[in-house]
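Participant: Here you go, this is structure00.json (JSON, C-alpha atoms).
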[["chain", "number", "residue", "atom", "x", "y", "z"],
["A", 29, "MET", "CA", 6.24, 7.67, -10.01],
["A", 30, "PRO", "CA", 5.52, 11.32, -10.84],
["A", 31, "HIS", "CA", 4.74, 11.80, -14.52],
["A", 32, "PHE", "CA", 4.86, 15.01, -16.55],
["A", 33, "ALA", "CA", 5.15, 14.46, -20.29],
["A", 34, "ASP", "CA", 6.74, 17.50, -21.94],
["A", 35, "HIS", "CA", 9.14, 15.84, -24.38],
["A", 36, "PRO", "CA", 8.43, 13.80, -27.55],
["A", 37, "GLN", "CA", 10.23, 10.80, -26.05],
["A", 38, "SER", "CA", 8.50, 10.97, -22.66],
["A", 39, "VAL", "CA", 6.19, 8.05, -23.46],
["A", 40, "ASP", "CA", 9.11, 5.89, -24.63],
["A", 41, "TRP", "CA", 11.06, 6.62, -21.46],
["A", 42, "LEU", "CA", 8.00, 5.90, -19.33],
["A", 43, "GLU", "CA", 7.54, 2.52, -20.97],
["A", 44, "GLU", "CA", 11.22, 1.71, -20.44],
["A", 45, "ALA", "CA", 10.92, 2.65, -16.77],
["A", 46, "ILE", "CA", 7.84, 0.46, -16.36],
["A", 47, "GLY", "CA", 9.53, -2.38, -18.25],
["A", 48, "ALA", "CA", 12.34, -2.37, -15.67],
["A", 49, "LEU", "CA", 9.76, -2.75, -12.90],
["A", 50, "LEU", "CA", 8.04, -5.61, -14.72],
["A", 51, "ALA", "CA", 11.45, -7.30, -14.84],
["A", 52, "GLN", "CA", 11.97, -7.14, -11.05],
["A", 53, "THR", "CA", 13.16, -10.39, -9.52],
["A", 54, "ASP", "CA", 10.76, -9.72, -6.64],
["A", 55, "PRO", "CA", 7.27, -9.39, -8.18],
["A", 56, "ASN", "CA", 5.60, -8.20, -4.95],
["A", 57, "TRP", "CA", 4.99, -4.59, -5.97],
["A", 58, "VAL", "CA", 2.34, -2.22, -7.28],
["A", 59, "LEU", "CA", 3.19, 0.94, -9.21],
["A", 60, "VAL", "CA", 1.20, 4.14, -8.74],
["A", 61, "ILE", "CA", 1.83, 6.76, -11.44],
["A", 62, "VAL", "CA", 0.73, 10.29, -10.56],
["A", 63, "ASP", "CA", 0.33, 12.41, -13.69],
["A", 64, "ASP", "CA", 1.03, 16.06, -12.94],
["A", 65, "ALA", "CA", -1.42, 17.51, -15.49],
["A", 66, "SER", "CA", 0.78, 16.62, -18.47],
["A", 67, "PRO", "CA", 0.29, 18.96, -21.45],
["A", 68, "SER", "CA", 0.44, 16.06, -23.92],
["A", 69, "ALA", "CA", -2.94, 14.42, -24.58],
["A", 70, "ARG", "CA", -1.14, 11.56, -26.34],
["A", 71, "ALA", "CA", 0.94, 10.89, -23.26],
["A", 72, "ARG", "CA", -2.09, 10.94, -20.95],
["A", 73, "ASP", "CA", -3.98, 8.55, -23.26],
["A", 74, "ARG", "CA", -1.02, 6.19, -23.32],
["A", 75, "LEU", "CA", -0.74, 6.42, -19.56],
["A", 76, "LEU", "CA", -4.37, 5.37, -19.12],
["A", 77, "ALA", "CA", -3.85, 2.55, -21.62],
["A", 78, "ILE", "CA", -0.87, 1.30, -19.63],
["A", 79, "GLY", "CA", -2.96, 1.33, -16.45],
["A", 80, "HIS", "CA", -5.68, -0.69, -18.21],
["A", 81, "GLU", "CA", -3.16, -3.10, -19.74],
["A", 82, "HIS", "CA", -1.56, -3.79, -16.34],
["A", 83, "GLU", "CA", -4.70, -3.52, -14.21],
["A", 84, "GLY", "CA", -4.00, -4.57, -10.64],
["A", 85, "LYS", "CA", -0.28, -3.92, -11.09],
["A", 86, "VAL", "CA", -0.21, -0.29, -12.31],
["A", 87, "ALA", "CA", -2.54, 2.40, -10.98],
["A", 88, "VAL", "CA", -2.84, 5.85, -12.57],
["A", 89, "LEU", "CA", -3.83, 9.02, -10.71],
["A", 90, "LEU", "CA", -4.51, 12.19, -12.72],
["A", 91, "GLN", "CA", -3.84, 15.50, -10.99],
["A", 92, "GLY", "CA", -6.21, 18.32, -11.89],
["A", 93, "ARG", "CA", -3.44, 20.92, -12.00],
["A", 94, "HIS", "CA", 0.33, 21.02, -12.25],
["A", 95, "GLN", "CA", 1.85, 20.99, -8.75],
["A", 96, "GLY", "CA", 5.36, 19.57, -9.14],
["A", 97, "ALA", "CA", 7.10, 16.28, -8.53],
["A", 98, "GLY", "CA", 7.08, 16.57, -4.74],
["A", 99, "ALA", "CA", 3.30, 16.94, -4.57],
["A", 100, "CYS", "CA", 2.92, 13.94, -6.89],
["A", 101, "ARG", "CA", 5.18, 11.81, -4.69],
["A", 102, "ASN", "CA", 3.15, 12.84, -1.64],
["A", 103, "ALA", "CA", -0.05, 11.77, -3.41],
["A", 104, "GLY", "CA", 1.54, 8.43, -4.26],
["A", 105, "VAL", "CA", 2.69, 7.94, -0.66],
["A", 106, "ARG", "CA", -0.84, 8.59, 0.63],
["A", 107, "TRP", "CA", -2.21, 6.10, -1.91],
["A", 108, "ALA", "CA", 0.30, 3.45, -0.76],
["A", 109, "ASP", "CA", -0.31, 4.12, 2.93],
["A", 110, "GLU", "CA", -4.08, 3.78, 2.52],
["A", 111, "ARG", "CA", -3.51, 0.33, 1.01],
["A", 112, "GLY", "CA", -1.19, -0.87, 3.75],
["A", 113, "SER", "CA", 2.06, -0.93, 1.78],
["A", 114, "PRO", "CA", 5.01, -1.34, 4.18],
["A", 115, "LEU", "CA", 7.56, 0.23, 1.80],
["A", 116, "VAL", "CA", 7.67, 3.03, -0.76],
["A", 117, "LEU", "CA", 10.20, 3.08, -3.60],
["A", 118, "PHE", "CA", 10.50, 6.28, -5.60],
["A", 119, "ASN", "CA", 11.10, 6.04, -9.36],
["A", 120, "ASP", "CA", 10.99, 8.95, -11.79],
["A", 121, "ALA", "CA", 9.30, 8.32, -15.13],
["A", 122, "ASP", "CA", 12.49, 8.40, -17.21],
["A", 123, "ASP", "CA", 14.83, 6.43, -14.94],
["A", 124, "VAL", "CA", 15.46, 2.69, -15.11],
["A", 125, "SER", "CA", 15.64, 0.61, -11.94],
["A", 126, "HIS", "CA", 17.99, -2.34, -11.57],
["A", 127, "PRO", "CA", 16.09, -5.65, -11.89],
["A", 128, "ARG", "CA", 17.12, -6.64, -8.35],
["A", 129, "ARG", "CA", 16.27, -3.29, -6.78],
["A", 130, "LEU", "CA", 13.18, -4.37, -4.83],
["A", 131, "GLU", "CA", 14.79, -7.66, -3.84],
["A", 132, "ALA", "CA", 17.82, -5.82, -2.44],
["A", 133, "VAL", "CA", 15.71, -3.27, -0.57],
["A", 134, "ARG", "CA", 13.47, -5.90, 1.03],
["A", 135, "THR", "CA", 16.52, -7.96, 2.07],
["A", 136, "ILE", "CA", 18.17, -4.96, 3.75],
["A", 137, "MET", "CA", 14.98, -3.86, 5.49],
["A", 138, "ARG", "CA", 14.33, -7.41, 6.74],
["A", 139, "GLU", "CA", 17.87, -8.08, 7.95],
["A", 140, "ARG", "CA", 18.45, -4.59, 9.39],
["A", 141, "PRO", "CA", 15.22, -3.51, 11.11],
["A", 142, "GLY", "CA", 16.82, -0.29, 12.32],
["A", 143, "VAL", "CA", 17.23, 0.90, 8.72],
["A", 144, "GLY", "CA", 14.38, 3.00, 7.36],
["A", 145, "PHE", "CA", 15.97, 4.44, 4.20],
["A", 146, "VAL", "CA", 17.85, 2.62, 1.42],
["A", 147, "TYR", "CA", 19.48, 4.21, -1.62],
["A", 148, "SER", "CA", 21.89, 3.09, -4.33],
["A", 149, "PRO", "CA", 24.39, 4.45, -6.89],
["A", 150, "ILE", "CA", 23.59, 5.65, -10.40],
["A", 151, "ASP", "CA", 24.78, 5.08, -13.94],
["A", 152, "VAL", "CA", 24.08, 8.23, -15.96],
["A", 153, "ILE", "CA", 22.54, 7.61, -19.39],
["A", 154, "ASP", "CA", 21.45, 9.81, -22.27],
["A", 155, "GLU", "CA", 18.13, 9.89, -24.16],
["A", 156, "ARG", "CA", 19.06, 6.70, -26.02],
["A", 157, "GLY", "CA", 20.10, 4.80, -22.91],
["A", 158, "LEU", "CA", 23.84, 5.10, -23.54],
["A", 159, "GLU", "CA", 26.10, 5.73, -20.56],
["A", 160, "LEU", "CA", 27.64, 9.20, -20.39],
["A", 161, "ALA", "CA", 31.29, 9.83, -19.57],
["A", 162, "ARG", "CA", 31.80, 11.72, -16.33],
["A", 163, "ASP", "CA", 33.50, 14.65, -18.05],
["A", 164, "ARG", "CA", 30.27, 15.31, -19.98],
["A", 165, "LEU", "CA", 28.22, 15.73, -16.81],
["A", 166, "ILE", "CA", 27.34, 18.94, -15.01],
["A", 167, "PRO", "CA", 29.23, 19.58, -11.74],
["A", 168, "ALA", "CA", 26.21, 18.65, -9.61],
["A", 169, "LEU", "CA", 26.16, 15.14, -11.09],
["A", 170, "GLN", "CA", 29.92, 14.78, -10.77],
["A", 171, "GLU", "CA", 29.55, 15.65, -7.09],
["A", 172, "ILE", "CA", 26.96, 12.89, -6.62],
["A", 173, "LEU", "CA", 29.19, 10.28, -8.27],
["A", 174, "GLU", "CA", 32.14, 11.36, -6.13],
["A", 175, "SER", "CA", 30.04, 11.02, -2.98],
["A", 176, "HIS", "CA", 29.38, 7.35, -3.83],
["A", 177, "GLU", "CA", 33.12, 6.69, -4.16],
["A", 178, "ARG", "CA", 33.82, 7.85, -0.62],
["A", 179, "PRO", "CA", 32.48, 5.70, 2.17],
["A", 180, "PRO", "CA", 28.80, 6.26, 1.33],
["A", 181, "VAL", "CA", 26.46, 7.92, 3.79],
["A", 182, "GLU", "CA", 25.06, 5.16, 5.99],
["A", 183, "GLY", "CA", 23.79, 4.59, 9.51],
["A", 184, "PRO", "CA", 22.12, 7.10, 11.84],
["A", 185, "ASP", "CA", 22.58, 10.87, 11.57],
["A", 186, "GLY", "CA", 23.12, 10.75, 7.80],
["A", 187, "TRP", "CA", 21.88, 14.34, 7.61],
["A", 188, "ILE", "CA", 25.15, 15.54, 9.14],
["A", 189, "ARG", "CA", 27.33, 14.00, 6.44],
["A", 190, "MET", "CA", 24.92, 15.02, 3.68],
["A", 191, "GLY", "CA", 24.88, 18.57, 4.91],
["A", 192, "THR", "CA", 28.55, 19.00, 5.79],
["A", 193, "GLU", "CA", 30.54, 16.57, 3.61],
["A", 194, "THR", "CA", 28.90, 14.96, 0.60],
["A", 195, "GLY", "CA", 26.10, 17.26, -0.48],
["A", 196, "TYR", "CA", 23.16, 15.77, -2.34],
["A", 197, "THR", "CA", 23.98, 12.07, -2.61],
["A", 198, "CYS", "CA", 20.64, 10.18, -2.76],
["A", 199, "VAL", "CA", 19.19, 10.42, -6.28],
["A", 200, "THR", "CA", 15.43, 10.13, -5.94],
["A", 201, "SER", "CA", 14.98, 7.15, -8.27],
["A", 202, "THR", "CA", 17.31, 5.11, -6.03],
["A", 203, "VAL", "CA", 15.51, 5.81, -2.75],
["A", 204, "ALA", "CA", 13.26, 3.41, -0.83],
["A", 205, "VAL", "CA", 11.83, 4.12, 2.62],
["A", 206, "ARG", "CA", 9.46, 2.55, 5.08],
["A", 207, "THR", "CA", 6.01, 3.98, 4.42],
["A", 208, "THR", "CA", 5.78, 5.32, 7.96],
["A", 209, "VAL", "CA", 8.88, 7.41, 7.26],
["A", 210, "ALA", "CA", 7.46, 8.72, 3.96],
["A", 211, "VAL", "CA", 4.19, 9.70, 5.64],
["A", 212, "ALA", "CA", 5.96, 11.46, 8.52],
["A", 213, "HIS", "CA", 8.31, 13.42, 6.23],
["A", 214, "PRO", "CA", 6.49, 14.57, 3.07],
["A", 215, "PHE", "CA", 8.13, 16.51, 0.29],
["A", 216, "PRO", "CA", 7.84, 20.30, 0.59],
["A", 217, "HIS", "CA", 5.96, 22.21, -2.10],
["A", 218, "VAL", "CA", 8.97, 23.95, -3.65],
["A", 219, "PRO", "CA", 10.06, 24.00, -7.32],
["A", 220, "PHE", "CA", 13.60, 22.65, -6.86],
["A", 221, "SER", "CA", 15.70, 20.59, -4.41],
["A", 222, "GLU", "CA", 12.57, 19.28, -2.69],
["A", 223, "ASP", "CA", 14.16, 15.85, -2.46],
["A", 224, "ALA", "CA", 17.33, 17.13, -0.73],
["A", 225, "HIS", "CA", 15.12, 18.84, 1.88],
["A", 226, "THR", "CA", 13.25, 15.57, 2.43],
["A", 227, "TRP", "CA", 16.33, 13.34, 2.66],
["A", 228, "LEU", "CA", 17.86, 15.61, 5.29],
["A", 229, "ARG", "CA", 14.76, 15.31, 7.49],
["A", 230, "MET", "CA", 14.33, 11.57, 6.91],
["A", 231, "SER", "CA", 17.98, 10.84, 7.68],
["A", 232, "ALA", "CA", 17.66, 12.71, 10.97],
["A", 233, "ALA", "CA", 14.84, 10.32, 11.90],
["A", 234, "VAL", "CA", 16.07, 6.92, 10.67],
["A", 235, "ALA", "CA", 19.26, 5.07, 9.74],
["A", 236, "LEU", "CA", 20.38, 4.82, 6.10],
["A", 237, "ALA", "CA", 21.79, 1.92, 4.10],
["A", 238, "PHE", "CA", 23.55, 1.96, 0.71],
["A", 239, "ALA", "CA", 22.68, -0.84, -1.75],
["A", 240, "GLU", "CA", 25.83, -0.67, -3.85],
["A", 241, "ASP", "CA", 25.05, -3.58, -6.19],
["A", 242, "VAL", "CA", 21.78, -2.27, -7.71],
["A", 243, "PRO", "CA", 22.57, 0.98, -9.57],
["A", 244, "THR", "CA", 19.72, 2.91, -11.15],
["A", 245, "ARG", "CA", 20.13, 4.12, -14.72],
["A", 246, "TYR", "CA", 19.59, 7.86, -14.33],
["A", 247, "ARG", "CA", 18.58, 9.62, -17.54],
["A", 248, "VAL", "CA", 20.03, 12.99, -18.54],
["A", 249, "PRO", "CA", 18.86, 13.82, -22.10],
["A", 250, "GLN", "CA", 21.51, 15.52, -24.22],
["A", 251, "ASP", "CA", 19.33, 16.38, -27.20],
["A", 252, "VAL", "CA", 17.07, 18.98, -25.63],
["A", 253, "ARG", "CA", 17.02, 21.72, -23.02],
["A", 254, "GLY", "CA", 14.00, 22.48, -20.88],
["A", 255, "GLN", "CA", 13.45, 18.88, -19.80],
["A", 256, "SER", "CA", 14.73, 19.22, -16.24],
["A", 257, "SER", "CA", 13.69, 21.52, -13.41],
["A", 258, "ARG", "CA", 17.15, 23.09, -13.60],
["A", 259, "ASP", "CA", 16.60, 23.97, -17.26],
["A", 260, "ARG", "CA", 13.14, 25.42, -16.63],
["A", 261, "LEU", "CA", 14.24, 27.58, -13.70],
["A", 262, "GLY", "CA", 17.60, 28.69, -15.11],
["A", 263, "ALA", "CA", 19.96, 30.59, -12.82],
["A", 264, "GLU", "CA", 17.17, 30.97, -10.25],
["A", 265, "CYS", "CA", 17.50, 27.29, -9.31],
["A", 266, "ASP", "CA", 20.79, 27.87, -7.48],
["A", 267, "GLN", "CA", 19.31, 30.42, -5.09],
["A", 268, "ILE", "CA", 16.29, 28.18, -4.59],
["A", 269, "LYS", "CA", 18.62, 25.28, -3.75],
["A", 270, "VAL", "CA", 20.46, 27.39, -1.19],
["A", 271, "ASP", "CA", 17.22, 28.42, 0.50],
["A", 272, "VAL", "CA", 15.57, 24.98, 0.39],
["A", 273, "ASP", "CA", 18.65, 23.04, 1.52],
["A", 274, "THR", "CA", 19.22, 25.50, 4.36],
["A", 275, "GLU", "CA", 15.65, 25.05, 5.56],
["A", 276, "GLY", "CA", 15.95, 21.26, 5.29],
["A", 277, "PHE", "CA", 19.18, 21.24, 7.30],
["A", 278, "ALA", "CA", 17.58, 23.44, 9.98],
["A", 279, "GLU", "CA", 14.60, 21.09, 10.29],
["A", 280, "ALA", "CA", 16.89, 18.04, 10.43],
["A", 281, "MET", "CA", 18.90, 19.72, 13.19],
["A", 282, "THR", "CA", 15.71, 20.42, 15.15],
["A", 283, "LEU", "CA", 14.66, 16.76, 14.85],
["A", 284, "ALA", "CA", 18.09, 15.61, 16.03],
["A", 285, "MET", "CA", 17.95, 17.96, 19.04],
["A", 286, "GLN", "CA", 14.46, 16.71, 19.95],
["A", 287, "GLN", "CA", 15.78, 13.14, 19.88],
["A", 288, "GLY", "CA", 18.76, 14.09, 22.04],
["A", 289, "ARG", "CA", 21.25, 13.12, 19.32],
["A", 290, "ILE", "CA", 22.96, 16.51, 19.30],
["A", 291, "ARG", "CA", 23.18, 19.42, 21.72],
["A", 292, "ARG", "CA", 22.19, 22.99, 20.99],
["A", 293, "ALA", "CA", 25.84, 23.90, 21.53],
["A", 294, "ASP", "CA", 26.76, 21.74, 18.51],
["A", 295, "ALA", "CA", 24.71, 23.90, 16.13],
["A", 296, "PRO", "CA", 27.22, 26.70, 15.29],
["A", 297, "LEU", "CA", 29.93, 24.26, 14.15],
["A", 298, "LEU", "CA", 27.42, 22.26, 12.08],
["A", 299, "TRP", "CA", 26.14, 25.44, 10.44],
["A", 300, "GLU", "CA", 29.68, 26.58, 9.64],
["A", 301, "ARG", "CA", 30.45, 23.25, 7.98],
["A", 302, "PHE", "CA", 27.10, 23.22, 6.15],
["A", 303, "PHE", "CA", 27.57, 26.65, 4.59],
["A", 304, "LEU", "CA", 31.17, 25.92, 3.58],
["A", 305, "ARG", "CA", 30.15, 22.67, 1.89],
["A", 306, "LEU", "CA", 27.24, 24.34, 0.08],
["A", 307, "ALA", "CA", 29.59, 27.14, -1.01],
["A", 308, "GLN", "CA", 31.82, 24.50, -2.59],
["A", 309, "THR", "CA", 28.85, 23.18, -4.59],
["A", 310, "MET", "CA", 28.03, 26.69, -5.79],
["A", 311, "ARG", "CA", 31.65, 27.34, -6.83],
["A", 312, "ARG", "CA", 31.70, 24.15, -8.89],
["A", 313, "GLY", "CA", 28.59, 25.41, -10.62],
["A", 314, "ALA", "CA", 30.23, 28.78, -11.36],
["A", 315, "ARG", "CA", 28.03, 30.68, -8.87],
["A", 316, "GLN", "CA", 30.85, 32.59, -7.22],
["A", 317, "ASP", "CA", 28.41, 35.22, -5.93],
["A", 318, "LEU", "CA", 26.39, 32.69, -3.95],
["A", 319, "ALA", "CA", 29.55, 30.93, -2.77],
["A", 320, "ARG", "CA", 30.91, 34.17, -1.27],
["A", 321, "ARG", "CA", 27.64, 34.84, 0.56],
["A", 322, "LEU", "CA", 27.61, 31.32, 1.95],
["A", 323, "GLU", "CA", 31.21, 31.64, 3.10],
["A", 324, "ASP", "CA", 30.27, 34.87, 4.89],
["A", 325, "ARG", "CA", 27.47, 33.01, 6.68],
["A", 326, "ALA", "CA", 29.93, 30.27, 7.63],
["A", 327, "GLY", "CA", 32.28, 32.90, 9.04],
["A", 328, "TYR", "CA", 29.50, 34.30, 11.22],
["A", 329, "PHE", "CA", 28.86, 30.89, 12.83],
["A", 330, "ALA", "CA", 32.58, 30.19, 13.15],
["A", 331, "ALA", "CA", 32.94, 33.35, 15.21],
["A", 332, "THR", "CA", 30.20, 32.22, 17.60],
["A", 333, "TRP", "CA", 31.83, 28.96, 18.65],
["A", 334, "ARG", "CA", 35.59, 29.52, 18.37]]
Can I see the file as structure tokens?
Facilitator:
Amino acid sequence: MPHFADHPQSVDWLEEAIGALLAQTDPNWVLVIVDDASPSARARDRLLAIGHEHEGKVAVLLQGRHQGAGACRNAGVRWADERGSPLVLFNDADDVSHPRRLEAVRTIMRERPGVGFVYSPIDVIDERGLELARDRLIPALQEILESHERPPVEGPDGWIRMGTETGYTCVTSTVAVRTTVAVAHPFPHVPFSEDAHTWLRMSAAVALAFAEDVPTRYRVPQDVRGQSSRDRLGAECDQIKVDVDTEGFAEAMTLAMQQGRIRRADAPLLWERFFLRLAQTMRRGARQDLARRLEDRAGYFAATWR
């Protein structure tokens, strides 16, 4: 659980997130919270108090400088790996896991040993925990919800469907992976879309499963701007997403080629489909300029294979 308290309600949301873990039907877990140099002394003090209150169940790591959520997740993965944990479940500090989340993940991993990555749907909530109507959500969130209504991305080679059909579909607070997978595919040190980059690489390495019955309550505060990475970065986040997702897709493709799952000759068609799908995401977000550039890139690859 990465933690960066920059909102008056951050501590309340953190305690709600931890409460959902304490309510898990499978009690065989330990939470490691990695504080990313939070600016709030009150929040850090409360964090340390929580660690003391739940000693043995909740560990707290304090980062010396702000590095971003991906770096915090990598630190947590290393901590888990050093202690022999077989699984890693990611949970952001303001999201609320379903009480049967760990139970469902362990059941899938036990019954389907070929699966290395499990994710689930989301219910979007506001700062008070009330569900938000879909028409109040930004296009990126609407796209995620739509992807869960199709046949969800499952099985091997999930990176292809993520990259060419669904877009970003695995919300981080729903994802669980085998620790070996998390160690082999760390999050990149980028300010936005680091999780999409990681899921593309992981899903080129292992099979995915969708746990449809354990939705995570995903928090999108409506009362403040500046809370999310998208708010902090502004319009720049869209270009970052294009660059980061493109790099992640390229690395996933390389992994798939090394495993013999695709041929080099397949690459132009996959790139064409990737850029067209990403252009669609940009158009929904009113970034017509980026969409046109992506469509031009798709046209270049189309010309190389047709």
Participant: Could you tell me how far atom CA of A:Asp63 lies from atom CA of A:Arg247, in Å and to one decimal?
Facilitator: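 That distance, rounded to one decimal, is 18.9 Å.
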Participant: What gap, in Å, lies between atom CA of A:Glu174 and atom CA of A:Val143?
Facilitator: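 A separation of 23.5 Å between them.
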Participant: Would you list the contacts of A:Val270 as number ranges by chain, taking every protein, DNA or RNA residue within 9 Å and counting all atoms listed in the file, but skipping same-chain residues closer than 5 positions in sequence?
Facilitator: A: 221, 265, 275, 306, 310, 318, 322
Participant: Atoms to include: C-alpha atoms. Write the selected residues as a compact mmCIF listing (two decimals), in the coordinates of the input.
Facilitator:
# COMPACT_ATOMS: atom_id res chain seq x y z
CA SER A 221 15.70 20.59 -4.41
CA CYS A 265 17.50 27.29 -9.31
CA GLU A 275 15.65 25.05 5.56
CA LEU A 306 27.24 24.34 0.08
CA MET A 310 28.03 26.69 -5.79
CA LEU A 318 26.39 32.69 -3.95
CA LEU A 322 27.61 31.32 1.95
Participant: Quick one: everything within 9 Å of A:Ile78, counting all atoms listed in the file, minus sequence neighbours fewer than 4 positions away in the same chain. Send it as a list in words.
Facilitator: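 In the requested format, the answer is Glu43, Asp73, Arg74, His82, Glu83, Val86, Ala87 and Val88 of chain A.
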Participant: Residues of stretch 191-286 of chain A that approach stretch 127-140 of chain A to 8 Å or less, counting all atoms listed in the file: could you list each one with the shortest pair of atoms and its distance in Å to one decimal, rows by chain and increasing residue number, as CSV?
Facilitator:
residue,atom,partner,partner_atom,distance
A:Ala204,CA,A:Val133,CA,7.1
A:Ala237,CA,A:Ile136,CA,7.8
A:Ala239,CA,A:Ala132,CA,7.0
A:Val242,CA,A:Arg129,CA,5.7
Participant: Could you write out the selected residues, including C-alpha atoms, as a short mmCIF file (atom, residue, chain, number, x, y, z; two decimals), in the frame of the given file?
Facilitator:
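Writing the result to selection03.cif gives the following:
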data_model
loop_
_atom_site.label_atom_id
_atom_site.label_comp_id
_atom_site.auth_asym_id
_atom_site.auth_seq_id
_atom_site.Cartn_x
_atom_site.Cartn_y
_atom_site.Cartn_z
CA ALA A 204 13.26 3.41 -0.83
CA ALA A 237 21.79 1.92 4.10
CA ALA A 239 22.68 -0.84 -1.75
CA VAL A 242 21.78 -2.27 -7.71
#
Participant: From the options A:Ser113, A:Thr309, A:Gln287, A:Asn102, which residue's atoms come nearest to A:Val58, counting only C-alpha atoms?
Facilitator: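 Selected residue with least distance to A:Val58: A:Ser113.
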Participant: For A:Asp317, find every residue with an atom within 12 Å (counting all atoms listed in the file), except residues of its own chain fewer than 6 positions away, and show them as a list in words.
Facilitator: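 Returned residues: Ala263, Asp266, Gln267, Ala307, Gln308, Met310, Arg311, Glu323 and Asp324 of chain A.
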Participant: Go ahead and dump the residues you just picked, C-alpha atoms, as a compact mmCIF listing (two decimals), in the coordinates of the input.
Facilitator:
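Result file is out.txt:
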# COMPACT_ATOMS: atom_id res chain seq x y z
CA ALA A 263 19.96 30.59 -12.82
CA ASP A 266 20.79 27.87 -7.48
CA GLN A 267 19.31 30.42 -5.09
CA ALA A 307 29.59 27.14 -1.01
CA GLN A 308 31.82 24.50 -2.59
CA MET A 310 28.03 26.69 -5.79
CA ARG A 311 31.65 27.34 -6.83
CA GLU A 323 31.21 31.64 3.10
CA ASP A 324 30.27 34.87 4.89
Participant: Which one of A:Pro184, A:His217, A:Gly313, A:Ile166 sits closest to A:Gly142 if you count all atoms listed in the file?
Facilitator: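 Among the listed residues, the smallest separation from A:Gly142 belongs to A:Pro184.
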Participant: List the spatial neighbours of A:Arg93 as a PDB file with C-alpha atoms, keeping the file's coordinate frame - criterion: any atom at most 9 Å away, only C-alpha atoms, same-chain residues fewer than 5 positions off excluded.
Facilitator:
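Output below, filename selection.pdb:
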ATOM      1  CA  ASP A  64       1.030  16.060 -12.940  1.00  0.00           C
ATOM      2  CA  ALA A  65      -1.420  17.510 -15.490  1.00  0.00           C
ATOM      3  CA  SER A  66       0.780  16.620 -18.470  1.00  0.00           C
TER       4      SER A  66
END
Participant: Kindly provide, as a VMD selection string, the polymer residues lying within 9 Å of (6.8, 13.4, -21.2), counting only C-alpha atoms and using the coordinates exactly as they appear in the file.
Facilitator: chain A and resid 31 to 42 66 to 68 71 121 to 122 255
Participant: What is the distance between atom CA of A:Thr207 and atom CA of A:Pro141, in Å to one decimal?
Facilitator: 13.6 Å
Participant: Check the smallest atom-to-atom distance from each of A:Gly96, A:Pro214, A:Pro167, A:Gly84 to A:Gly195 using all atoms listed in the file, then report the winner.
Facilitator: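 For A:Gly195, the nearest of the candidates is A:Pro167.
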Participant: Find, counting only C-alpha atoms, the residue in A:Arg312, A:Arg206, A:Arg164, A:Arg325 that gets nearest to A:Asp109.
Facilitator: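 The shortest atom-to-atom distance to A:Asp109 comes from A:Arg206.
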Participant: Could stretch 140-151 of chain A be completed with N, CA and C atoms and written as a compact mmCIF listing (two decimals), in the frame of the given file, please?
Facilitator:
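After the write, result.txt holds the following:
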# COMPACT_ATOMS: atom_id res chain seq x y z
N ARG A 140 17.99 -5.72 8.58
CA ARG A 140 18.45 -4.59 9.39
C ARG A 140 17.24 -3.75 9.79
N PRO A 141 16.47 -4.20 10.77
CA PRO A 141 15.22 -3.51 11.11
C PRO A 141 15.39 -2.07 11.54
N GLY A 142 16.60 -1.68 11.95
CA GLY A 142 16.82 -0.29 12.32
C GLY A 142 16.94 0.65 11.14
N VAL A 143 17.10 0.09 9.93
CA VAL A 143 17.23 0.90 8.72
C VAL A 143 15.84 1.27 8.20
N GLY A 144 15.67 2.56 7.90
CA GLY A 144 14.38 3.00 7.36
C GLY A 144 14.49 3.63 6.00
N PHE A 145 15.72 3.70 5.44
CA PHE A 145 15.97 4.44 4.20
C PHE A 145 17.10 3.72 3.47
N VAL A 146 16.84 3.29 2.24
CA VAL A 146 17.85 2.62 1.42
C VAL A 146 17.99 3.39 0.11
N TYR A 147 19.24 3.59 -0.32
CA TYR A 147 19.48 4.21 -1.62
C TYR A 147 20.63 3.49 -2.30
N SER A 148 20.88 3.81 -3.56
CA SER A 148 21.89 3.09 -4.33
C SER A 148 22.62 4.06 -5.27
N PRO A 149 23.68 3.59 -5.95
CA PRO A 149 24.39 4.45 -6.89
C PRO A 149 23.63 4.62 -8.20
N ILE A 150 24.21 5.41 -9.09
CA ILE A 150 23.59 5.65 -10.40
C ILE A 150 24.60 5.42 -11.52
N ASP A 151 24.08 5.02 -12.67
CA ASP A 151 24.78 5.08 -13.94
C ASP A 151 24.05 6.11 -14.78
